[in-house]
file target34.txt (compact mmCIF, C-alpha atoms)
# COMPACT_ATOMS: atom_id res chain seq x y z
CA MET P 1 -19.59 -23.32 -9.68
CA LYS P 2 -20.13 -19.89 -8.15
CA SER P 3 -19.16 -17.11 -10.57
CA LEU P 4 -16.14 -15.00 -9.66
CA LEU P 5 -16.79 -11.45 -8.53
CA THR P 6 -15.45 -8.45 -10.39
CA PHE P 7 -16.20 -4.86 -11.33
CA PRO P 8 -18.19 -4.20 -14.52
CA LYS P 9 -16.26 -1.45 -16.33
CA GLY P 10 -12.81 -1.62 -17.90
CA GLY P 11 -9.77 -3.34 -16.44
CA VAL P 12 -6.85 -5.18 -18.03
CA HIS P 13 -5.01 -8.49 -17.72
CA PRO P 14 -1.24 -7.85 -17.56
CA PRO P 15 1.05 -10.87 -17.09
CA GLU P 16 0.97 -11.82 -13.41
CA SER P 17 4.72 -12.41 -13.06
CA LYS P 18 4.23 -13.70 -9.52
CA ALA P 19 5.84 -17.14 -9.89
CA GLN P 20 9.25 -15.77 -8.90
CA THR P 21 8.22 -15.07 -5.28
CA GLN P 22 4.77 -16.50 -4.51
CA GLY P 23 6.31 -19.71 -3.16
CA LEU P 24 8.93 -17.93 -1.05
CA ALA P 25 8.16 -17.71 2.68
CA ILE P 26 8.62 -14.36 4.42
CA GLU P 27 12.29 -13.94 5.31
CA VAL P 28 13.50 -11.61 8.07
CA MET P 29 16.35 -9.41 6.87
CA PRO P 30 19.02 -8.52 9.45
CA VAL P 31 18.92 -4.88 10.49
CA PRO P 32 21.46 -2.76 8.56
CA ASP P 33 23.91 -0.38 10.23
CA GLU P 34 21.75 2.70 9.55
CA LEU P 35 18.08 3.43 8.94
CA GLU P 36 16.70 6.53 7.22
CA LEU P 37 13.23 7.36 8.55
CA ILE P 38 11.30 9.65 6.20
CA LEU P 39 9.14 12.05 8.24
CA GLY P 40 6.20 12.01 5.81
CA GLN P 41 5.05 8.38 5.57
CA HIS P 42 1.33 9.13 5.41
CA ILE P 43 -1.18 11.38 3.68
CA GLY P 44 -1.37 14.67 5.58
CA ALA P 45 1.16 16.76 7.44
CA PRO P 46 4.65 15.23 7.80
CA CYS P 47 5.97 14.51 11.26
CA THR P 48 7.99 17.02 13.25
CA PRO P 49 11.08 15.42 14.84
CA THR P 50 10.83 14.87 18.60
CA VAL P 51 14.54 14.01 18.80
CA ALA P 52 17.79 15.85 18.14
CA LYS P 53 21.18 14.90 16.76
CA ARG P 54 23.13 12.53 19.06
CA ASP P 55 20.00 11.56 21.06
CA VAL P 56 19.89 7.90 22.11
CA VAL P 57 16.56 6.15 21.47
CA ALA P 58 15.11 2.78 22.40
CA GLU P 59 13.14 0.51 20.11
CA GLY P 60 9.60 1.84 19.77
CA ASP P 61 10.37 5.37 20.98
CA VAL P 62 8.47 8.12 19.19
CA VAL P 63 10.90 10.10 17.00
CA GLY P 64 8.35 12.19 15.10
CA GLU P 65 4.84 13.45 15.72
CA VAL P 66 2.15 15.45 13.94
CA LYS P 67 1.14 18.40 16.10
CA LYS P 68 -1.45 19.85 13.72
CA GLY P 69 -3.46 18.24 10.95
CA LEU P 70 -3.80 14.70 9.66
CA GLY P 71 -1.07 12.25 10.62
CA VAL P 72 0.36 9.62 12.96
CA PRO P 73 3.54 9.33 15.03
CA LEU P 74 6.78 7.82 13.72
CA HIS P 75 8.77 5.35 15.85
CA ALA P 76 12.34 4.12 16.09
CA PRO P 77 12.28 0.60 14.61
CA VAL P 78 15.29 -0.38 16.76
CA ALA P 79 17.49 1.11 19.46
CA GLY P 80 20.22 3.45 18.32
CA LYS P 81 21.59 6.97 18.15
CA ILE P 82 20.32 9.84 16.01
CA LYS P 83 23.05 10.63 13.48
CA GLU P 84 21.38 13.57 11.79
CA ILE P 85 18.09 15.17 10.82
CA ALA P 86 18.39 16.01 7.13
CA THR P 87 16.89 14.66 3.89
CA SER P 88 16.67 11.29 2.16
CA ALA P 89 15.97 10.21 -1.40
CA HIS P 90 12.26 9.76 -2.09
CA PRO P 91 10.60 7.90 -5.00
CA MET P 92 7.94 10.60 -5.64
CA ARG P 93 9.29 13.85 -4.21
CA VAL P 94 12.97 13.32 -5.17
CA SER P 95 13.98 14.10 -1.57
CA ALA P 96 12.16 14.38 1.76
CA PRO P 97 12.99 15.35 5.37
CA SER P 98 14.25 12.39 7.37
CA ILE P 99 15.95 11.13 10.50
CA THR P 100 19.07 8.98 10.18
CA LEU P 101 19.39 6.40 12.97
CA VAL P 102 22.64 4.54 13.67
CA VAL P 103 21.58 1.10 14.87
CA ASP P 104 22.77 -0.21 18.23
CA LYS P 105 23.58 -3.82 17.34
CA GLU P 106 24.16 -4.72 20.99
CA ALA P 107 20.69 -3.71 22.20
CA GLU P 108 18.25 -6.46 23.13
CA PRO P 109 15.06 -6.47 21.02
CA VAL P 110 11.84 -5.58 22.83
CA HIS P 111 9.56 -8.48 23.75
CA TYR P 112 5.99 -7.27 23.32
CA GLN P 113 3.43 -8.68 25.77
CA TRP P 114 0.09 -10.16 24.72
CA MET P 115 -3.08 -8.61 26.13
CA ASP P 116 -6.79 -9.34 25.80
CA TRP P 117 -8.45 -6.53 23.85
CA HIS P 118 -12.10 -7.53 24.10
CA HIS P 119 -12.82 -5.31 27.13
CA LEU P 120 -11.50 -2.17 25.41
CA SER P 121 -13.88 0.45 24.04
CA SER P 122 -13.85 1.67 20.44
CA ALA P 123 -12.12 4.86 21.60
CA ASP P 124 -9.43 2.84 23.41
CA LEU P 125 -8.85 0.68 20.33
CA LEU P 126 -8.58 3.74 18.06
CA ALA P 127 -6.10 5.30 20.49
CA LYS P 128 -3.88 2.19 20.37
CA ILE P 129 -3.98 2.23 16.56
CA TYR P 130 -3.01 5.91 16.49
CA ASP P 131 -0.25 5.42 19.07
CA ALA P 132 1.22 2.62 16.94
CA GLY P 133 1.43 4.88 13.87
CA ILE P 134 -0.76 2.66 11.69
CA VAL P 135 -1.52 3.85 8.15
CA GLY P 136 -3.01 2.13 5.13
CA ILE P 137 -0.21 -0.23 4.15
CA GLY P 138 -1.62 -1.19 0.77
CA GLY P 139 -2.21 2.29 -0.64
CA ALA P 140 -1.40 5.92 -0.12
CA GLY P 141 -0.90 5.75 3.63
CA PHE P 142 -4.13 7.26 4.94
CA PRO P 143 -4.04 7.33 8.77
CA THR P 144 -6.01 4.28 9.90
CA HIS P 145 -7.51 5.78 13.07
CA VAL P 146 -9.20 8.45 10.92
CA LYS P 147 -10.52 5.94 8.39
CA LEU P 148 -12.00 3.85 11.21
CA ASN P 149 -13.82 6.86 12.64
CA PRO P 150 -16.10 7.91 9.76
CA PRO P 151 -18.46 10.89 10.01
CA ALA P 152 -21.69 10.32 11.92
CA ASN P 153 -23.72 11.13 8.81
CA SER P 154 -22.14 8.16 6.98
CA PRO P 155 -23.32 5.05 8.84
CA ILE P 156 -21.17 1.99 8.13
CA ASP P 157 -22.57 -1.53 7.79
CA THR P 158 -19.82 -3.43 5.94
CA LEU P 159 -16.07 -3.95 6.29
CA VAL P 160 -14.12 -5.08 3.24
CA LEU P 161 -10.57 -6.40 3.59
CA ASN P 162 -8.50 -6.16 0.43
CA GLY P 163 -6.50 -9.30 -0.27
CA ALA P 164 -6.70 -8.99 -4.06
CA GLU P 165 -3.06 -7.97 -4.59
CA CYS P 166 -3.76 -7.51 -8.29
CA GLU P 167 -0.49 -5.78 -9.24
CA PRO P 168 1.96 -7.98 -11.18
CA TYR P 169 5.05 -9.31 -9.34
CA ILE P 170 3.87 -8.41 -5.80
CA THR P 171 3.24 -11.34 -3.42
CA ALA P 172 3.74 -9.77 0.04
CA ASP P 173 0.02 -9.83 0.96
CA HIS P 174 -0.28 -13.35 -0.45
CA ARG P 175 2.43 -14.57 1.91
CA GLN P 176 0.88 -12.72 4.86
CA MET P 177 -2.44 -14.47 4.22
CA LEU P 178 -0.68 -17.84 4.05
CA GLU P 179 1.54 -17.36 7.08
CA ASN P 180 -0.56 -15.12 9.37
CA PRO P 181 -4.24 -15.80 8.59
CA MET P 182 -5.38 -15.85 12.24
CA GLU P 183 -3.75 -12.49 12.98
CA ILE P 184 -5.42 -10.91 9.91
CA VAL P 185 -8.83 -12.27 10.91
CA GLU P 186 -8.34 -11.14 14.52
CA GLY P 187 -7.48 -7.70 13.14
CA ALA P 188 -10.76 -7.80 11.20
CA ASN P 189 -12.67 -8.55 14.40
CA ILE P 190 -10.97 -5.60 16.12
CA ILE P 191 -12.07 -3.33 13.25
CA LEU P 192 -15.63 -4.71 13.44
CA LYS P 193 -15.77 -3.80 17.14
CA ILE P 194 -14.45 -0.29 16.48
CA LEU P 195 -17.08 0.30 13.76
CA GLY P 196 -19.85 -1.37 15.77
CA ILE P 197 -20.81 -3.68 12.89
CA SER P 198 -20.80 -7.43 12.25
CA GLU P 199 -20.29 -7.98 8.51
CA CYS P 200 -16.84 -8.42 6.96
CA HIS P 201 -15.89 -9.61 3.47
CA ILE P 202 -12.31 -10.49 2.52
CA GLY P 203 -11.71 -10.29 -1.22
CA ILE P 204 -8.97 -12.54 -2.68
CA GLU P 205 -8.25 -13.13 -6.37
CA SER P 206 -8.75 -16.68 -7.62
CA ASN P 207 -5.05 -17.03 -8.53
CA LYS P 208 -4.30 -17.49 -4.81
CA PRO P 209 -6.16 -20.74 -3.99
CA ASP P 210 -3.82 -21.55 -1.10
CA ALA P 211 -4.49 -18.15 0.51
CA ILE P 212 -8.25 -18.58 -0.04
CA ARG P 213 -8.05 -21.96 1.70
CA GLU P 214 -6.05 -20.72 4.71
CA MET P 215 -8.06 -17.54 5.12
CA SER P 216 -11.34 -19.49 4.85
CA LYS P 217 -10.27 -21.76 7.72
CA ALA P 218 -9.27 -18.77 9.86
CA ALA P 219 -12.50 -16.90 9.05
CA GLN P 220 -14.63 -19.91 9.89
CA ASP P 221 -12.88 -20.34 13.23
CA ALA P 222 -13.18 -16.65 14.09
CA SER P 223 -16.77 -15.95 12.98
CA GLY P 224 -19.29 -15.98 15.77
CA ALA P 225 -22.21 -14.16 17.36
CA ASP P 226 -20.37 -10.83 17.23
CA GLY P 227 -19.33 -10.95 13.60
CA SER P 228 -19.46 -12.80 10.29
CA ILE P 229 -16.30 -12.96 8.16
CA LYS P 230 -16.69 -14.26 4.61
CA ILE P 231 -14.06 -14.92 1.96
CA GLN P 232 -15.07 -13.67 -1.48
CA THR P 233 -13.23 -15.10 -4.50
CA LEU P 234 -12.50 -12.46 -7.13
CA GLN P 235 -11.81 -12.72 -10.84
CA VAL P 236 -8.18 -12.10 -11.77
CA LYS P 237 -8.41 -8.65 -13.31
CA TYR P 238 -6.46 -5.46 -12.76
CA PRO P 239 -7.21 -3.14 -10.88
CA GLN P 240 -9.38 -5.50 -8.82
CA GLY P 241 -7.77 -4.27 -5.59
CA SER P 242 -8.70 -0.62 -6.13
CA GLU P 243 -11.02 0.54 -3.37
CA LYS P 244 -14.01 1.57 -5.49
CA GLN P 245 -13.72 -1.41 -7.83
CA LEU P 246 -13.41 -3.83 -4.89
CA ILE P 247 -16.50 -2.39 -3.22
CA GLN P 248 -18.53 -2.70 -6.40
CA ALA P 249 -17.33 -6.26 -7.02
CA ILE P 250 -18.18 -7.48 -3.51
CA THR P 251 -21.21 -5.41 -2.47
CA GLY P 252 -22.62 -4.17 -5.79
CA ARG P 253 -22.52 -0.61 -4.45
CA LYS P 254 -21.04 2.16 -6.60
CA VAL P 255 -19.12 4.89 -4.80
CA PRO P 256 -20.05 8.27 -6.34
CA ALA P 257 -17.40 10.43 -8.03
CA MET P 258 -15.21 12.33 -5.55
CA ALA P 259 -16.85 10.47 -2.62
CA LEU P 260 -15.35 8.17 0.00
CA PRO P 261 -16.40 4.52 0.56
CA SER P 262 -18.18 5.62 3.75
CA ALA P 263 -20.74 7.33 1.47
CA VAL P 264 -22.07 3.84 0.61
CA GLY P 265 -21.65 2.38 4.11
CA VAL P 266 -18.32 0.61 3.55
CA VAL P 267 -14.85 0.80 5.10
CA VAL P 268 -11.96 -0.85 3.20
CA GLN P 269 -8.66 -1.95 4.73
CA ASN P 270 -5.78 -3.94 3.32
CA VAL P 271 -5.26 -7.41 4.84
CA THR P 272 -1.75 -6.47 5.97
CA THR P 273 -3.09 -3.31 7.60
CA ALA P 274 -5.43 -5.61 9.57
CA LYS P 275 -2.35 -7.58 10.66
CA ALA P 276 -0.68 -4.32 11.79
CA ILE P 277 -3.86 -3.41 13.72
CA TYR P 278 -3.67 -6.79 15.46
CA ASN P 279 -0.05 -6.12 16.44
CA ALA P 280 -0.91 -2.63 17.68
CA VAL P 281 -3.90 -3.66 19.77
CA VAL P 282 -2.87 -7.09 21.06
CA TYR P 283 0.86 -6.40 21.58
CA SER P 284 1.05 -2.56 21.67
CA LYS P 285 3.59 -2.92 18.86
CA PRO P 286 4.19 0.13 16.63
CA LEU P 287 4.37 -0.15 12.85
CA CYS P 288 8.15 -0.36 12.39
CA GLU P 289 8.62 -3.14 9.85
CA LYS P 290 7.23 -4.10 6.48
CA VAL P 291 7.02 -7.18 4.27
CA VAL P 292 8.28 -6.17 0.84
CA THR P 293 8.43 -8.25 -2.35
CA ILE P 294 11.84 -8.04 -4.05
CA ALA P 295 11.52 -9.34 -7.60
CA GLY P 296 12.54 -8.99 -11.23
CA LYS P 297 15.29 -10.57 -13.29
CA GLY P 298 17.70 -7.80 -12.29
CA ILE P 299 18.18 -8.95 -8.67
CA ALA P 300 20.42 -11.91 -7.83
CA ARG P 301 17.93 -13.48 -5.41
CA PRO P 302 14.20 -12.62 -5.26
CA ALA P 303 12.48 -12.70 -1.86
CA ASN P 304 9.59 -11.65 0.31
CA LEU P 305 11.55 -9.74 2.93
CA GLN P 306 10.46 -8.43 6.30
CA VAL P 307 12.57 -5.30 6.72
CA LYS P 308 12.71 -2.49 9.22
CA ILE P 309 11.17 0.74 7.97
CA GLY P 310 14.01 3.02 6.92
CA THR P 311 16.06 0.22 5.34
CA LYS P 312 17.67 1.51 2.15
CA VAL P 313 17.28 -0.33 -1.15
CA ALA P 314 21.10 -0.50 -1.35
CA ASP P 315 21.19 -2.61 1.84
CA ILE P 316 18.49 -4.92 0.45
CA VAL P 317 20.50 -5.36 -2.76
CA ASP P 318 23.64 -6.20 -0.78
CA TYR P 319 21.76 -8.72 1.37
CA LEU P 320 20.28 -10.48 -1.69
CA GLY P 321 23.58 -10.84 -3.53
CA GLY P 322 23.67 -7.77 -5.77
CA LEU P 323 22.31 -6.80 -9.17
CA ARG P 324 22.36 -8.84 -12.36
CA PRO P 325 23.38 -7.74 -15.88
CA GLY P 326 20.72 -6.14 -18.04
CA LEU P 327 19.02 -4.13 -15.30
CA ALA P 328 16.99 -1.38 -17.00
CA LYS P 329 14.73 0.07 -14.31
CA ILE P 330 14.19 0.00 -10.53
CA ILE P 331 10.60 0.52 -9.40
CA MET P 332 9.34 1.18 -5.89
CA GLY P 333 5.94 -0.51 -5.83
CA GLY P 334 4.30 -2.45 -8.64
CA PRO P 335 4.91 -2.03 -12.38
CA MET P 336 1.46 -0.46 -12.90
CA MET P 337 1.34 2.14 -10.10
CA GLY P 338 4.89 2.26 -8.78
CA PHE P 339 7.57 4.91 -9.26
CA ALA P 340 10.87 4.45 -11.05
CA VAL P 341 13.88 5.50 -8.97
CA SER P 342 17.38 6.38 -10.09
CA SER P 343 19.18 5.69 -6.80
CA LEU P 344 19.62 2.75 -4.44
CA ASP P 345 19.63 5.17 -1.51
CA VAL P 346 15.82 5.34 -1.32
CA PRO P 347 14.54 3.97 2.03
CA VAL P 348 11.56 1.68 2.60
CA THR P 349 8.50 3.40 4.09
CA LYS P 350 5.30 2.12 5.70
CA THR P 351 3.62 1.97 2.29
CA THR P 352 6.39 0.26 0.27
CA SER P 353 4.91 -2.95 -1.12
CA ALA P 354 7.71 -4.00 -3.48
CA VAL P 355 11.02 -3.10 -5.05
CA LEU P 356 11.32 -4.41 -8.59
CA PHE P 357 14.56 -4.77 -10.53
CA LEU P 358 13.40 -5.10 -14.12
CA THR P 359 15.60 -5.99 -17.07
CA GLU P 360 15.32 -4.85 -20.66
CA ASP P 361 13.21 -7.86 -21.62
CA GLU P 362 10.70 -7.16 -18.82
CA ILE P 363 9.82 -3.59 -19.79
CA ASP P 364 9.14 -1.64 -22.97
CA THR P 365 11.55 1.25 -23.36
CA LYS P 366 10.45 2.35 -26.84
CA PRO P 367 9.59 6.08 -27.08
CA HIS P 368 5.93 7.11 -27.24
CA SER P 369 4.23 8.70 -30.22
CA ALA P 370 1.18 10.88 -30.88
CA CYS P 371 -2.30 9.66 -29.92
CA ILE P 372 -3.81 7.58 -32.74
CA ARG P 373 -7.35 7.93 -31.25
CA CYS P 374 -7.95 4.18 -31.15
CA GLY P 375 -10.11 4.43 -28.03
CA TRP P 376 -8.46 1.52 -26.24
CA CYS P 377 -7.74 3.65 -23.16
CA LEU P 378 -11.44 4.51 -22.84
CA GLU P 379 -12.34 0.82 -22.85
CA ALA P 380 -9.65 -0.05 -20.30
CA CYS P 381 -10.37 2.75 -17.82
CA PRO P 382 -12.26 1.29 -14.81
CA MET P 383 -13.58 4.77 -13.94
CA GLY P 384 -15.00 5.47 -17.40
CA LEU P 385 -12.75 8.49 -17.98
CA GLU P 386 -11.12 9.89 -21.14
CA PRO P 387 -7.36 9.45 -20.67
CA LYS P 388 -6.54 10.28 -24.30
CA GLU P 389 -8.16 13.71 -24.01
CA ILE P 390 -6.28 14.45 -20.79
CA GLY P 391 -2.99 13.62 -22.51
CA ILE P 392 -3.81 15.72 -25.58
CA TYR P 393 -4.78 18.72 -23.44
CA VAL P 394 -1.60 18.43 -21.36
CA GLU P 395 0.52 18.40 -24.52
CA ALA P 396 -1.38 21.47 -25.72
CA ASP P 397 -0.50 23.26 -22.46
CA ARG P 398 -4.14 23.24 -21.34
CA ALA P 399 -3.81 20.96 -18.31
CA GLU P 400 -6.00 23.25 -16.21
CA ASP P 401 -8.94 22.41 -18.52
CA THR P 402 -8.86 18.64 -17.94
CA GLU P 403 -11.31 18.52 -15.03
CA GLN P 404 -14.09 18.12 -17.60
CA PHE P 405 -12.59 14.72 -18.48
CA GLY P 406 -12.63 13.49 -14.87
CA VAL P 407 -8.94 13.94 -14.11
CA PHE P 408 -9.59 14.13 -10.34
CA ASP P 409 -11.53 10.84 -10.40
CA CYS P 410 -8.47 9.06 -11.82
CA PHE P 411 -6.58 6.96 -9.25
CA GLU P 412 -3.64 6.43 -11.63
CA CYS P 413 -3.99 2.66 -12.02
CA GLY P 414 -2.13 2.70 -15.34
CA SER P 415 -4.62 0.54 -17.28
CA CYS P 416 -4.81 3.19 -20.01
CA ALA P 417 -1.03 3.36 -20.46
CA TYR P 418 -0.81 -0.45 -20.47
CA VAL P 419 -3.14 -0.85 -23.46
CA CYS P 420 -1.97 2.23 -25.42
CA PRO P 421 -0.41 1.09 -28.73
CA ALA P 422 1.33 4.49 -29.00
CA LYS P 423 3.00 3.87 -25.59
CA ARG P 424 1.86 7.27 -24.35
CA PRO P 425 2.76 8.10 -20.71
CA LEU P 426 -0.87 8.69 -19.79
CA VAL P 427 -0.40 8.32 -16.02
CA GLN P 428 2.33 10.95 -16.05
CA PHE P 429 0.05 13.21 -18.11
CA VAL P 430 -2.69 12.75 -15.50
CA ARG P 431 -0.35 13.56 -12.61
CA LEU P 432 0.83 16.71 -14.36
CA ALA P 433 -2.75 17.68 -15.20
CA LYS P 434 -3.84 17.29 -11.56
CA MET P 435 -0.97 19.43 -10.34
CA LYS P 436 -1.60 22.23 -12.83
CA ALA P 437 -5.38 22.11 -12.44
CA LYS P 438 -5.06 22.44 -8.67
CA ARG P 439 -2.79 25.45 -9.09
CA ALA P 440 -5.34 27.08 -11.37
CA GLN P 441 -8.24 26.62 -8.93
call {"tool": "encode", "arguments": {"input": "target34.txt", "output": "structure tokens"}}
result
Amino acid sequence: MKSLLTFPKGGVHPPESKAQTQGLAIEVMPVPDELELILGQHIGAPCTPTVAKRDVVAEGDVVGEVKKGLGVPLHAPVAGKIKEIATSAHPMRVSAPSITLVVDKEAEPVHYQWMDWHHLSSADLLAKIYDAGIVGIGGAGFPTHVKLNPPANSPIDTLVLNGAECEPYITADHRQMLENPMEIVEGANIILKILGISECHIGIESNKPDAIREMSKAAQDASGADGSIKIQTLQVKYPQGSEKQLIQAITGRKVPAMALPSAVGVVVQNVTTAKAIYNAVVYSKPLCEKVVTIAGKGIARPANLQVKIGTKVADIVDYLGGLRPGLAKIIMGGPMMGFAVSSLDVPVTKTTSAVLFLTEDEIDTKPHSACIRCGWCLEACPMGLEPKEIGIYVEADRAEDTEQFGVFDCFECGSCAYVCPAKRPLVQFVRLAKMKAKRAQ
């Protein structure tokens, strides 16, 4: 049997907790009465509104654009009327500028027309991706048209699609690979044409044999003279889906510290981003909806929901039958890298992968203690950093001195905090250290 691929350093094995939703087909949630569209749904400059209060918009109309700097346009997910331009709750920034759209329930949905994309140039394809507002769906929301146009001094020879979905609880990508494998593979072929290369690897963890089977069939059918698409089975280990770890597992190449994957000739995209690229290019459909895993013992009915961007968590809770007793924490994203929120008024964005409703028996709420210098965090860190030292320096009010311990190489996977017997909030220490170190530069 062929050995499973993985990265060599660190990593952890948290309980998968995927059984609740992995067998649940994607369910389309009815559009709520209002949507709250956060203007900053990508890395870079937030959008500037292109609409005003009381404006009437159609489905797919641009409601925000980035005039200077890195960014992509924001679209109206449905027809409606602009109620206000104000602020909305945000999982990381507490609040953020937003547009509130009152949905027109009587409007007919747009029927997007299929088109053949093979005659389009790379520039035309990139323009369609930009126009559709595509960002990296599986991560921090880096604008996709920029990622697919790497610098000339970084020649690309390999595309890697990330289907690992290594975070506990989350099964949204798993369901996409089961239900839309041909669209994902077609998206991969579009990316290959844009990059002018022919080699694509799709990495999927071995705990998704049904997805491996479906994606293998689709890849075999779609591979041809212009491109080769191979499915690579990965060992179940967190954070297998991290960009640098995935590249090393599949290609053996190690991305240098502070460098991008293009430095070693690789571009990485999430499988669901590839599906969004397919929609943008083949149907000229903007990114206005998202498949989100809703899980945890604190929600009445778990689901993999396709929701319009801007849908508030409160509306999702209402649709799924409400909350259950014992709810202790609500997390936007996964339990390892997500953010706890204190309000149900937070809206779904382009990068929301999950909303978890965790009860007291699913999380550890015990207070943390001082570092006992066991070294477990050093062994768990996939980047070979020193999380314990970063935490100690932050507590000593010396956060600006943590660069020596690689604080800016940390991608906040949470492996260190997971193994820490003292339950130290090492990820929060790292985030604080980065902020203070940047201020001191």
call {"tool": "residues_around", "arguments": {"input": "target34.txt", "residues": "Ile231 of chain P", "least_positions_apart": "4", "cutoff": "8 Å", "atoms": "all atoms listed in the file", "output": "number ranges by chain"}}
result
P: 201-204, 212, 215-216, 219
call {"tool": "write_last_selection", "arguments": {"input": "target34.txt", "atoms": "C-alpha atoms", "output": "PDB file, in the coordinates of the input"}}
result
ATOM      1  CA  HIS P 201     -15.890  -9.610   3.470  1.00  0.00           C
ATOM      2  CA  ILE P 202     -12.310 -10.490   2.520  1.00  0.00           C
ATOM      3  CA  GLY P 203     -11.710 -10.290  -1.220  1.00  0.00           C
ATOM      4  CA  ILE P 204      -8.970 -12.540  -2.680  1.00  0.00           C
ATOM      5  CA  ILE P 212      -8.250 -18.580  -0.040  1.00  0.00           C
ATOM      6  CA  MET P 215      -8.060 -17.540   5.120  1.00  0.00           C
ATOM      7  CA  SER P 216     -11.340 -19.490   4.850  1.00  0.00           C
ATOM      8  CA  ALA P 219     -12.500 -16.900   9.050  1.00  0.00           C
TER       9      ALA P 219
END
call {"tool": "residues_around", "arguments": {"input": "target34.txt", "residues": "Pro77 of chain P", "least_positions_apart": "6", "cutoff": "8 Å", "atoms": "only C-alpha atoms", "output": "ChimeraX atom specification"}}
result
/P:59-60,288-289,308-309
call {"tool": "closest_atom_pairs", "arguments": {"input": "target34.txt", "of": "segment 147-218 of chain P", "to": "segment 110-120 of chain P", "cutoff": "10 Å", "atoms": "all atoms listed in the file", "output": "JSON lines"}}
result
{"residue": "P:Asn189", "atom": "CA", "partner": "P:His118", "partner_atom": "CA", "distance": 9.8}
{"residue": "P:Ile190", "atom": "CA", "partner": "P:Trp117", "partner_atom": "CA", "distance": 8.2}
{"residue": "P:Lys193", "atom": "CA", "partner": "P:His118", "partner_atom": "CA", "distance": 8.7}
{"residue": "P:Ile194", "atom": "CA", "partner": "P:Leu120", "partner_atom": "CA", "distance": 9.6}
call {"tool": "write_last_selection", "arguments": {"input": "target34.txt", "atoms": "C-alpha atoms", "output": "JSON list (two decimals), in the coordinates of the input"}}
result
[["chain", "number", "residue", "atom", "x", "y", "z"],
["P", 189, "ASN", "CA", -12.67, -8.55, 14.40],
["P", 190, "ILE", "CA", -10.97, -5.60, 16.12],
["P", 193, "LYS", "CA", -15.77, -3.80, 17.14],
["P", 194, "ILE", "CA", -14.45, -0.29, 16.48]]
call {"tool": "closest_residue", "arguments": {"input": "target34.txt", "among": "P:Cys371, P:Leu74, P:Met383, P:Ala340", "to": "Met92 of chain P", "atoms": "all atoms listed in the file"}}
result
P:Ala340
call {"tool": "residues_around", "arguments": {"input": "target34.txt", "residues": "Gly163 of chain P", "least_positions_apart": "2", "cutoff": "10 Å", "atoms": "only C-alpha atoms", "output": "ChimeraX atom specification"}}
result
/P:138,160-161,165-166,173-174,176-177,202-205,208,211-212,215,231-234,240-241,246,269-272
call {"tool": "residues_around", "arguments": {"input": "target34.txt", "residues": "Glu403 of chain P", "least_positions_apart": "2", "cutoff": "12 Å", "atoms": "only C-alpha atoms", "output": "MDAnalysis selection string"}}
result
chainID P and resid 258 385:387 389:390 393:394 398:401 405:410 430 433:438 440:441
call {"tool": "residues_around", "arguments": {"input": "target34.txt", "residues": "Ala422 of chain P", "least_positions_apart": "2", "cutoff": "6 Å", "atoms": "all atoms listed in the file", "output": "PDB file with C-alpha atoms, in the coordinates of the input"}}
result
ATOM      1  CA  HIS P 368       5.930   7.110 -27.240  1.00  0.00           C
ATOM      2  CA  SER P 369       4.230   8.700 -30.220  1.00  0.00           C
ATOM      3  CA  CYS P 420      -1.970   2.230 -25.420  1.00  0.00           C
ATOM      4  CA  ARG P 424       1.860   7.270 -24.350  1.00  0.00           C
TER       5      ARG P 424
END
call {"tool": "closest_residue", "arguments": {"input": "target34.txt", "among": "P:Gly326, P:Pro30, P:Gly375, P:Gly310", "to": "Ile363 of chain P", "atoms": "all atoms listed in the file"}}
result
P:Gly326
call {"tool": "closest_residue", "arguments": {"input": "target34.txt", "among": "P:Gly338, P:Pro91, P:Ala123, P:Ala58", "to": "Glu106 of chain P", "atoms": "all atoms listed in the file"}}
result
P:Ala58
call {"tool": "residues_near_point", "arguments": {"input": "target34.txt", "point": "(-23.4, -3.6, 5.2)", "cutoff": "12 Å", "atoms": "all atoms listed in the file", "output": "NGL selection string"}}
result
:P and (154-160 or 192 or 195-201 or 227-228 or 247 or 250-253 or 261-268)
call {"tool": "atom_distance", "arguments": {"input": "target34.txt", "atom1": "atom CA of Ala45 of chain P", "atom2": "atom CA of Gly69 of chain P"}}
result
6.0 Å
call {"tool": "atom_distance", "arguments": {"input": "target34.txt", "atom1": "atom CA of Pro286 of chain P", "atom2": "atom CA of Asn162 of chain P"}}
result
21.5 Å
call {"tool": "atom_distance", "arguments": {"input": "target34.txt", "atom1": "atom CA of Asp318 of chain P", "atom2": "atom CA of Leu37 of chain P"}}
result
19.5 Å
call {"tool": "closest_residue", "arguments": {"input": "target34.txt", "among": "P:Leu287, P:Asn149, P:Ala222, P:Val185", "to": "Val62 of chain P", "atoms": "all atoms listed in the file"}}
result
P:Leu287
call {"tool": "closest_atom_pairs", "arguments": {"input": "target34.txt", "of": "segment 327-383 of chain P", "to": "segment 7-14 of chain P", "cutoff": "6 Å", "atoms": "only C-alpha atoms", "output": "Markdown table"}}
result
| residue | atom | partner | partner_atom | distance |
| --- | --- | --- | --- | --- |
| P:Glu379 | CA | P:Gly10 | CA | 5.5 |
| P:Ala380 | CA | P:Gly10 | CA | 4.3 |
| P:Cys381 | CA | P:Gly10 | CA | 5.0 |
| P:Pro382 | CA | P:Gly10 | CA | 4.3 |
call {"tool": "closest_residue", "arguments": {"input": "target34.txt", "among": "P:His90, P:Arg431, P:Lys237, P:Lys254", "to": "Ser415 of chain P", "atoms": "only C-alpha atoms"}}
result
P:Lys237
call {"tool": "residues_near_point", "arguments": {"input": "target34.txt", "point": "(19.1, 11.0, 20.1)", "cutoff": "12 Å", "atoms": "all atoms listed in the file", "output": "ChimeraX atom specification"}}
result
/P:49-58,61-64,76,79-85,99-104
